[in-house]
>>> print(open('run.cif').read())   # mmCIF, C-alpha atoms
data_run
#
loop_
_atom_site.group_PDB
_atom_site.id
_atom_site.type_symbol
_atom_site.label_atom_id
_atom_site.label_comp_id
_atom_site.auth_asym_id
_atom_site.auth_seq_id
_atom_site.Cartn_x
_atom_site.Cartn_y
_atom_site.Cartn_z
ATOM 1 C CA MET A 1 -22.880 -14.748 16.124
ATOM 2 C CA ASN A 2 -20.338 -15.946 13.533
ATOM 3 C CA VAL A 3 -19.338 -12.345 12.830
ATOM 4 C CA TRP A 4 -18.447 -11.822 16.477
ATOM 5 C CA ILE A 5 -16.341 -14.975 16.483
ATOM 6 C CA ALA A 6 -14.457 -13.674 13.432
ATOM 7 C CA ILE A 7 -13.973 -10.299 15.126
ATOM 8 C CA GLY A 8 -12.699 -11.978 18.290
ATOM 9 C CA VAL A 9 -10.252 -14.182 16.373
ATOM 10 C CA THR A 10 -9.014 -11.131 14.453
ATOM 11 C CA VAL A 11 -8.515 -9.160 17.675
ATOM 12 C CA LEU A 12 -6.562 -12.012 19.235
ATOM 13 C CA GLY A 13 -4.470 -12.440 16.089
ATOM 14 C CA CYS A 14 -3.603 -8.745 15.956
ATOM 15 C CA TYR A 15 -2.674 -8.758 19.635
ATOM 16 C CA ALA A 16 -0.488 -11.859 19.140
ATOM 17 C CA VAL A 17 1.362 -10.210 16.238
ATOM 18 C CA LYS A 18 1.889 -7.042 18.299
ATOM 19 C CA LEU A 19 3.128 -9.080 21.260
ATOM 20 C CA ALA A 20 5.483 -11.100 19.043
ATOM 21 C CA GLY A 21 6.978 -7.849 17.746
ATOM 22 C CA LEU A 22 7.584 -6.618 21.271
ATOM 23 C CA LEU A 23 9.242 -9.882 22.309
ATOM 24 C CA VAL A 24 11.906 -9.790 19.557
ATOM 25 C CA PRO A 25 15.347 -9.328 21.159
ATOM 26 C CA THR A 26 17.019 -5.956 20.558
ATOM 27 C CA GLY A 27 20.102 -7.610 19.074
ATOM 28 C CA THR A 28 18.006 -9.131 16.322
ATOM 29 C CA LEU A 29 16.602 -5.758 15.343
ATOM 30 C CA GLU A 30 20.087 -4.253 14.999
ATOM 31 C CA ARG A 31 21.268 -6.712 12.317
ATOM 32 C CA PRO A 32 21.917 -5.047 8.944
ATOM 33 C CA LEU A 33 19.619 -7.422 7.046
ATOM 34 C CA VAL A 34 16.724 -6.832 9.429
ATOM 35 C CA ARG A 35 17.226 -3.057 9.266
ATOM 36 C CA ARG A 36 17.267 -3.165 5.464
ATOM 37 C CA LEU A 37 14.113 -5.289 5.346
ATOM 38 C CA ALA A 38 12.383 -3.018 7.843
ATOM 39 C CA ALA A 39 13.186 -0.022 5.645
ATOM 40 C CA LEU A 40 12.097 -1.622 2.357
ATOM 41 C CA LEU A 41 9.053 -3.643 3.421
ATOM 42 C CA PRO A 42 6.627 -0.697 3.845
ATOM 43 C CA VAL A 43 7.575 0.615 0.388
ATOM 44 C CA ALA A 44 6.986 -2.791 -1.199
ATOM 45 C CA LEU A 45 3.642 -3.218 0.560
ATOM 46 C CA LEU A 46 2.491 0.261 -0.479
ATOM 47 C CA ALA A 47 3.531 -0.389 -4.086
ATOM 48 C CA ALA A 48 1.628 -3.680 -4.114
ATOM 49 C CA LEU A 49 -1.458 -2.031 -2.639
ATOM 50 C CA THR A 50 -1.279 0.765 -5.210
ATOM 51 C CA ALA A 51 -0.961 -1.707 -8.077
ATOM 52 C CA GLU A 52 -3.832 -3.821 -6.788
ATOM 53 C CA GLN A 53 -6.121 -0.815 -6.327
ATOM 54 C CA THR A 54 -5.210 0.604 -9.750
ATOM 55 C CA PHE A 55 -5.253 -2.444 -12.003
ATOM 56 C CA ALA A 56 -7.714 -4.845 -10.338
ATOM 57 C CA ASP A 57 -11.481 -4.998 -10.205
ATOM 58 C CA GLY A 58 -12.385 -8.109 -8.287
ATOM 59 C CA GLN A 59 -10.771 -10.992 -10.141
ATOM 60 C CA THR A 60 -10.174 -9.109 -13.407
ATOM 61 C CA LEU A 61 -7.390 -6.905 -14.710
ATOM 62 C CA VAL A 62 -8.570 -3.462 -15.827
ATOM 63 C CA LEU A 63 -7.030 -0.437 -17.489
ATOM 64 C CA ASP A 64 -9.073 2.667 -16.850
ATOM 65 C CA ALA A 65 -8.660 6.274 -15.739
ATOM 66 C CA ARG A 66 -6.872 5.184 -12.582
ATOM 67 C CA ALA A 67 -4.006 3.825 -14.683
ATOM 68 C CA ALA A 68 -3.689 7.179 -16.455
ATOM 69 C CA GLY A 69 -3.594 8.965 -13.098
ATOM 70 C CA LEU A 70 -0.925 6.608 -11.827
ATOM 71 C CA GLY A 71 1.081 7.257 -14.977
ATOM 72 C CA ALA A 72 0.808 11.003 -14.438
ATOM 73 C CA ALA A 73 1.964 10.574 -10.840
ATOM 74 C CA ALA A 74 4.923 8.483 -12.013
ATOM 75 C CA VAL A 75 5.932 11.180 -14.505
ATOM 76 C CA ALA A 76 5.672 13.836 -11.798
ATOM 77 C CA LEU A 77 7.849 11.719 -9.505
ATOM 78 C CA VAL A 78 10.473 11.260 -12.216
ATOM 79 C CA LEU A 79 10.503 15.038 -12.647
ATOM 80 C CA ARG A 80 11.036 15.318 -8.866
ATOM 81 C CA ALA A 81 7.870 17.300 -8.252
ATOM 82 C CA PRO A 82 6.766 17.970 -4.661
ATOM 83 C CA PHE A 83 4.377 15.440 -3.147
ATOM 84 C CA LEU A 84 1.302 17.667 -3.400
ATOM 85 C CA VAL A 85 2.017 18.281 -7.089
ATOM 86 C CA VAL A 86 2.295 14.518 -7.645
ATOM 87 C CA VAL A 87 -1.068 13.935 -5.976
ATOM 88 C CA ALA A 88 -2.662 16.868 -7.821
ATOM 89 C CA ALA A 89 -1.375 15.600 -11.175
ATOM 90 C CA ALA A 90 -2.825 12.159 -10.510
ATOM 91 C CA VAL A 91 -6.182 13.605 -9.464
ATOM 92 C CA VAL A 92 -6.447 16.000 -12.397
ATOM 93 C CA VAL A 93 -5.489 13.393 -15.012
ATOM 94 C CA THR A 94 -7.799 10.747 -13.533
ATOM 95 C CA ALA A 95 -10.719 13.177 -13.367
ATOM 96 C CA GLY A 96 -9.982 14.468 -16.857
ATOM 97 C CA VAL A 97 -9.884 11.015 -18.408
ATOM 98 C CA ARG A 98 -13.119 10.057 -16.656
ATOM 99 C CA ALA A 99 -14.787 13.311 -17.715
ATOM 100 C CA ILE A 100 -14.030 12.854 -21.403
ATOM 101 C CA GLY A 101 -14.793 9.148 -21.212
ATOM 102 C CA ALA A 102 -11.612 8.235 -23.043
ATOM 103 C CA TRP A 103 -11.250 4.950 -21.170
#
>>> encode(input="run.cif", output="structure tokens")
Amino acid sequence: MNVWIAIGVTVLGCYAVKLAGLLVPTGTLERPLVRRLAALLPVALLAALTAEQTFADGQTLVLDARAAGLGAAAVALVLRAPFLVVVAAAVVVTAGVRAIGAW
């Protein structure tokens, strides 16, 4: 029963956040600072999620094949490779490092 209470509270919380977003006045959304934050916030959240998934294992900091794959993706991005090439480089390097057991 406790799980269903948690699910219900989560559903209500998500609905409240959605409703709060819809109730924001239009004038507020057109401010330059709000527009800039709205453009940069998803990038910052995605970067934080990527870092957490790459360098964390529970409560510990790890450096493994995922870090090598992220490095390969970063190099591909610096070289302005297309998105699919960036993803492929990360996959190939991660799989290669895991296959040879270098990390």
>>> atom_distance(input="run.cif", atom1="CA of Ala20 in chain A", atom2="CA of Thr50 in chain A")
27.8 Å
>>> atom_distance(input="run.cif", atom1="CA of Val97 in chain A", atom2="CA of Ala65 in chain A")
5.6 Å
>>> resolve_selection(input="run.cif", expression="the PyMOL selection byres ((chain A and resi 72) around 8)", output="number ranges by chain")
A: 68-71, 73-76, 86, 89-90, 93
>>> write_last_selection(input="run.cif", atoms="C-alpha atoms", output="PDB file, in the coordinates of the input")
ATOM      1  CA  ALA A  68      -3.689   7.179 -16.455  1.00  0.00           C
ATOM      2  CA  GLY A  69      -3.594   8.965 -13.098  1.00  0.00           C
ATOM      3  CA  LEU A  70      -0.925   6.608 -11.827  1.00  0.00           C
ATOM      4  CA  GLY A  71       1.081   7.257 -14.977  1.00  0.00           C
ATOM      5  CA  ALA A  73       1.964  10.574 -10.840  1.00  0.00           C
ATOM      6  CA  ALA A  74       4.923   8.483 -12.013  1.00  0.00           C
ATOM      7  CA  VAL A  75       5.932  11.180 -14.505  1.00  0.00           C
ATOM      8  CA  ALA A  76       5.672  13.836 -11.798  1.00  0.00           C
ATOM      9  CA  VAL A  86       2.295  14.518  -7.645  1.00  0.00           C
ATOM     10  CA  ALA A  89      -1.375  15.600 -11.175  1.00  0.00           C
ATOM     11  CA  ALA A  90      -2.825  12.159 -10.510  1.00  0.00           C
ATOM     12  CA  VAL A  93      -5.489  13.393 -15.012  1.00  0.00           C
TER      13      VAL A  93
END
>>> atom_distance(input="run.cif", atom1="CA of Gly21 in chain A", atom2="CA of Pro42 in chain A")
15.6 Å
>>> closest_residue(input="run.cif", among="A:Pro25, A:Leu79, A:Thr94, A:Val17", to="Thr54 in chain A", atoms="all atoms listed in the file")
A:Thr94
>>> axis_aligned_box(input="run.cif", around="range 6-19 of chain A", padding_each_side="3 Å", output="AutoDock Vina command-line options")
--center_x -5.7 --center_y -10.6 --center_z 17.3 --size_x 23.6 --size_y 13.1 --size_z 13.8
>>> closest_residue(input="run.cif", among="A:Ala51, A:Ile100, A:Leu23, A:Arg31", to="Leu63 in chain A", atoms="all atoms listed in the file")
A:Ala51
>>> decode(input="run.cif", residues="range 16-32 of chain A", atoms="all heavy atoms", output="PDB file, in the first residue's frame")
ATOM      1  N   ALA A  16       0.860  19.193 -10.356  1.00  0.00           N
ATOM      2  CA  ALA A  16       0.989  20.543  -9.791  1.00  0.00           C
ATOM      3  C   ALA A  16       2.081  21.335 -10.509  1.00  0.00           C
ATOM      4  O   ALA A  16       1.908  22.528 -10.783  1.00  0.00           O
ATOM      5  CB  ALA A  16       1.286  20.457  -8.296  1.00  0.00           C
ATOM      6  N   VAL A  17       3.193  20.679 -10.829  1.00  0.00           N
ATOM      7  CA  VAL A  17       4.271  21.366 -11.556  1.00  0.00           C
ATOM      8  C   VAL A  17       3.792  21.758 -12.950  1.00  0.00           C
ATOM      9  O   VAL A  17       4.053  22.866 -13.433  1.00  0.00           O
ATOM     10  CB  VAL A  17       5.528  20.477 -11.619  1.00  0.00           C
ATOM     11  CG1 VAL A  17       6.541  21.028 -12.593  1.00  0.00           C
ATOM     12  CG2 VAL A  17       6.140  20.333 -10.239  1.00  0.00           C
ATOM     13  N   LYS A  18       3.093  20.853 -13.626  1.00  0.00           N
ATOM     14  CA  LYS A  18       2.562  21.148 -14.960  1.00  0.00           C
ATOM     15  C   LYS A  18       1.570  22.315 -14.897  1.00  0.00           C
ATOM     16  O   LYS A  18       1.618  23.225 -15.730  1.00  0.00           O
ATOM     17  CB  LYS A  18       1.879  19.898 -15.521  1.00  0.00           C
ATOM     18  CG  LYS A  18       1.247  20.051 -16.856  1.00  0.00           C
ATOM     19  CD  LYS A  18       2.253  19.919 -17.935  1.00  0.00           C
ATOM     20  CE  LYS A  18       1.543  19.845 -19.273  1.00  0.00           C
ATOM     21  NZ  LYS A  18       2.468  19.750 -20.361  1.00  0.00           N
ATOM     22  N   LEU A  19       0.694  22.293 -13.913  1.00  0.00           N
ATOM     23  CA  LEU A  19      -0.290  23.357 -13.758  1.00  0.00           C
ATOM     24  C   LEU A  19       0.387  24.689 -13.444  1.00  0.00           C
ATOM     25  O   LEU A  19       0.007  25.736 -13.986  1.00  0.00           O
ATOM     26  CB  LEU A  19      -1.284  22.995 -12.659  1.00  0.00           C
ATOM     27  CG  LEU A  19      -2.446  23.960 -12.449  1.00  0.00           C
ATOM     28  CD1 LEU A  19      -3.299  24.045 -13.719  1.00  0.00           C
ATOM     29  CD2 LEU A  19      -3.286  23.519 -11.271  1.00  0.00           C
ATOM     30  N   ALA A  20       1.411  24.669 -12.608  1.00  0.00           N
ATOM     31  CA  ALA A  20       2.138  25.901 -12.283  1.00  0.00           C
ATOM     32  C   ALA A  20       2.785  26.484 -13.529  1.00  0.00           C
ATOM     33  O   ALA A  20       2.804  27.706 -13.717  1.00  0.00           O
ATOM     34  CB  ALA A  20       3.197  25.621 -11.219  1.00  0.00           C
ATOM     35  N   GLY A  21       3.305  25.624 -14.405  1.00  0.00           N
ATOM     36  CA  GLY A  21       3.898  26.107 -15.651  1.00  0.00           C
ATOM     37  C   GLY A  21       2.874  26.746 -16.568  1.00  0.00           C
ATOM     38  O   GLY A  21       3.159  27.728 -17.260  1.00  0.00           O
ATOM     39  N   LEU A  22       1.678  26.209 -16.574  1.00  0.00           N
ATOM     40  CA  LEU A  22       0.623  26.771 -17.422  1.00  0.00           C
ATOM     41  C   LEU A  22       0.071  28.080 -16.870  1.00  0.00           C
ATOM     42  O   LEU A  22      -0.481  28.893 -17.620  1.00  0.00           O
ATOM     43  CB  LEU A  22      -0.517  25.760 -17.577  1.00  0.00           C
ATOM     44  CG  LEU A  22      -0.170  24.508 -18.387  1.00  0.00           C
ATOM     45  CD1 LEU A  22      -1.329  23.511 -18.334  1.00  0.00           C
ATOM     46  CD2 LEU A  22       0.154  24.864 -19.822  1.00  0.00           C
ATOM     47  N   LEU A  23       0.195  28.296 -15.572  1.00  0.00           N
ATOM     48  CA  LEU A  23      -0.357  29.496 -14.952  1.00  0.00           C
ATOM     49  C   LEU A  23       0.603  30.683 -14.964  1.00  0.00           C
ATOM     50  O   LEU A  23       0.228  31.778 -14.530  1.00  0.00           O
ATOM     51  CB  LEU A  23      -0.774  29.185 -13.510  1.00  0.00           C
ATOM     52  CG  LEU A  23      -1.934  28.190 -13.372  1.00  0.00           C
ATOM     53  CD1 LEU A  23      -2.202  27.892 -11.911  1.00  0.00           C
ATOM     54  CD2 LEU A  23      -3.188  28.715 -14.052  1.00  0.00           C
ATOM     55  N   VAL A  24       1.833  30.491 -15.447  1.00  0.00           N
ATOM     56  CA  VAL A  24       2.802  31.593 -15.505  1.00  0.00           C
ATOM     57  C   VAL A  24       2.323  32.597 -16.550  1.00  0.00           C
ATOM     58  O   VAL A  24       1.994  32.224 -17.682  1.00  0.00           O
ATOM     59  CB  VAL A  24       4.204  31.062 -15.874  1.00  0.00           C
ATOM     60  CG1 VAL A  24       5.173  32.194 -16.103  1.00  0.00           C
ATOM     61  CG2 VAL A  24       4.711  30.130 -14.784  1.00  0.00           C
ATOM     62  N   PRO A  25       2.282  33.894 -16.189  1.00  0.00           N
ATOM     63  CA  PRO A  25       1.836  34.900 -17.163  1.00  0.00           C
ATOM     64  C   PRO A  25       2.758  34.965 -18.385  1.00  0.00           C
ATOM     65  O   PRO A  25       3.968  34.753 -18.283  1.00  0.00           O
ATOM     66  CB  PRO A  25       1.904  36.214 -16.384  1.00  0.00           C
ATOM     67  CG  PRO A  25       1.944  35.833 -14.951  1.00  0.00           C
ATOM     68  CD  PRO A  25       2.565  34.472 -14.885  1.00  0.00           C
ATOM     69  N   THR A  26       2.194  35.275 -19.527  1.00  0.00           N
ATOM     70  CA  THR A  26       2.950  35.330 -20.783  1.00  0.00           C
ATOM     71  C   THR A  26       4.054  36.377 -20.721  1.00  0.00           C
ATOM     72  O   THR A  26       5.140  36.167 -21.254  1.00  0.00           O
ATOM     73  CB  THR A  26       1.999  35.637 -21.951  1.00  0.00           C
ATOM     74  OG1 THR A  26       0.930  34.692 -21.941  1.00  0.00           O
ATOM     75  CG2 THR A  26       2.712  35.560 -23.272  1.00  0.00           C
ATOM     76  N   GLY A  27       3.798  37.490 -20.076  1.00  0.00           N
ATOM     77  CA  GLY A  27       4.805  38.544 -19.960  1.00  0.00           C
ATOM     78  C   GLY A  27       6.064  38.081 -19.243  1.00  0.00           C
ATOM     79  O   GLY A  27       7.171  38.505 -19.571  1.00  0.00           O
ATOM     80  N   THR A  28       5.894  37.207 -18.281  1.00  0.00           N
ATOM     81  CA  THR A  28       7.051  36.675 -17.562  1.00  0.00           C
ATOM     82  C   THR A  28       7.915  35.822 -18.477  1.00  0.00           C
ATOM     83  O   THR A  28       9.144  35.855 -18.403  1.00  0.00           O
ATOM     84  CB  THR A  28       6.576  35.840 -16.358  1.00  0.00           C
ATOM     85  OG1 THR A  28       5.743  36.648 -15.538  1.00  0.00           O
ATOM     86  CG2 THR A  28       7.735  35.312 -15.557  1.00  0.00           C
ATOM     87  N   LEU A  29       7.284  35.058 -19.325  1.00  0.00           N
ATOM     88  CA  LEU A  29       8.022  34.163 -20.217  1.00  0.00           C
ATOM     89  C   LEU A  29       8.774  34.902 -21.314  1.00  0.00           C
ATOM     90  O   LEU A  29       9.678  34.344 -21.929  1.00  0.00           O
ATOM     91  CB  LEU A  29       7.063  33.151 -20.849  1.00  0.00           C
ATOM     92  CG  LEU A  29       6.376  32.205 -19.865  1.00  0.00           C
ATOM     93  CD1 LEU A  29       5.377  31.330 -20.604  1.00  0.00           C
ATOM     94  CD2 LEU A  29       7.381  31.366 -19.123  1.00  0.00           C
ATOM     95  N   GLU A  30       8.408  36.155 -21.580  1.00  0.00           N
ATOM     96  CA  GLU A  30       9.052  36.918 -22.642  1.00  0.00           C
ATOM     97  C   GLU A  30      10.238  37.746 -22.156  1.00  0.00           C
ATOM     98  O   GLU A  30      10.895  38.401 -22.961  1.00  0.00           O
ATOM     99  CB  GLU A  30       8.015  37.806 -23.326  1.00  0.00           C
ATOM    100  CG  GLU A  30       6.980  36.992 -24.082  1.00  0.00           C
ATOM    101  CD  GLU A  30       5.908  37.852 -24.710  1.00  0.00           C
ATOM    102  OE1 GLU A  30       5.966  39.088 -24.554  1.00  0.00           O
ATOM    103  OE2 GLU A  30       5.008  37.282 -25.331  1.00  0.00           O
ATOM    104  N   ARG A  31      10.548  37.709 -20.874  1.00  0.00           N
ATOM    105  CA  ARG A  31      11.709  38.433 -20.344  1.00  0.00           C
ATOM    106  C   ARG A  31      12.992  37.792 -20.861  1.00  0.00           C
ATOM    107  O   ARG A  31      13.074  36.571 -20.986  1.00  0.00           O
ATOM    108  CB  ARG A  31      11.702  38.420 -18.831  1.00  0.00           C
ATOM    109  CG  ARG A  31      10.571  39.193 -18.238  1.00  0.00           C
ATOM    110  CD  ARG A  31      10.636  39.174 -16.732  1.00  0.00           C
ATOM    111  NE  ARG A  31       9.507  39.893 -16.168  1.00  0.00           N
ATOM    112  CZ  ARG A  31       9.153  39.822 -14.913  1.00  0.00           C
ATOM    113  NH1 ARG A  31       9.831  39.069 -14.067  1.00  0.00           N
ATOM    114  NH2 ARG A  31       8.117  40.504 -14.474  1.00  0.00           N
ATOM    115  N   PRO A  32      14.005  38.603 -21.164  1.00  0.00           N
ATOM    116  CA  PRO A  32      15.254  38.058 -21.708  1.00  0.00           C
ATOM    117  C   PRO A  32      15.939  37.046 -20.778  1.00  0.00           C
ATOM    118  O   PRO A  32      16.445  36.028 -21.235  1.00  0.00           O
ATOM    119  CB  PRO A  32      16.136  39.289 -21.908  1.00  0.00           C
ATOM    120  CG  PRO A  32      15.188  40.433 -21.985  1.00  0.00           C
ATOM    121  CD  PRO A  32      14.008  40.058 -21.159  1.00  0.00           C
TER     122      PRO A  32
END
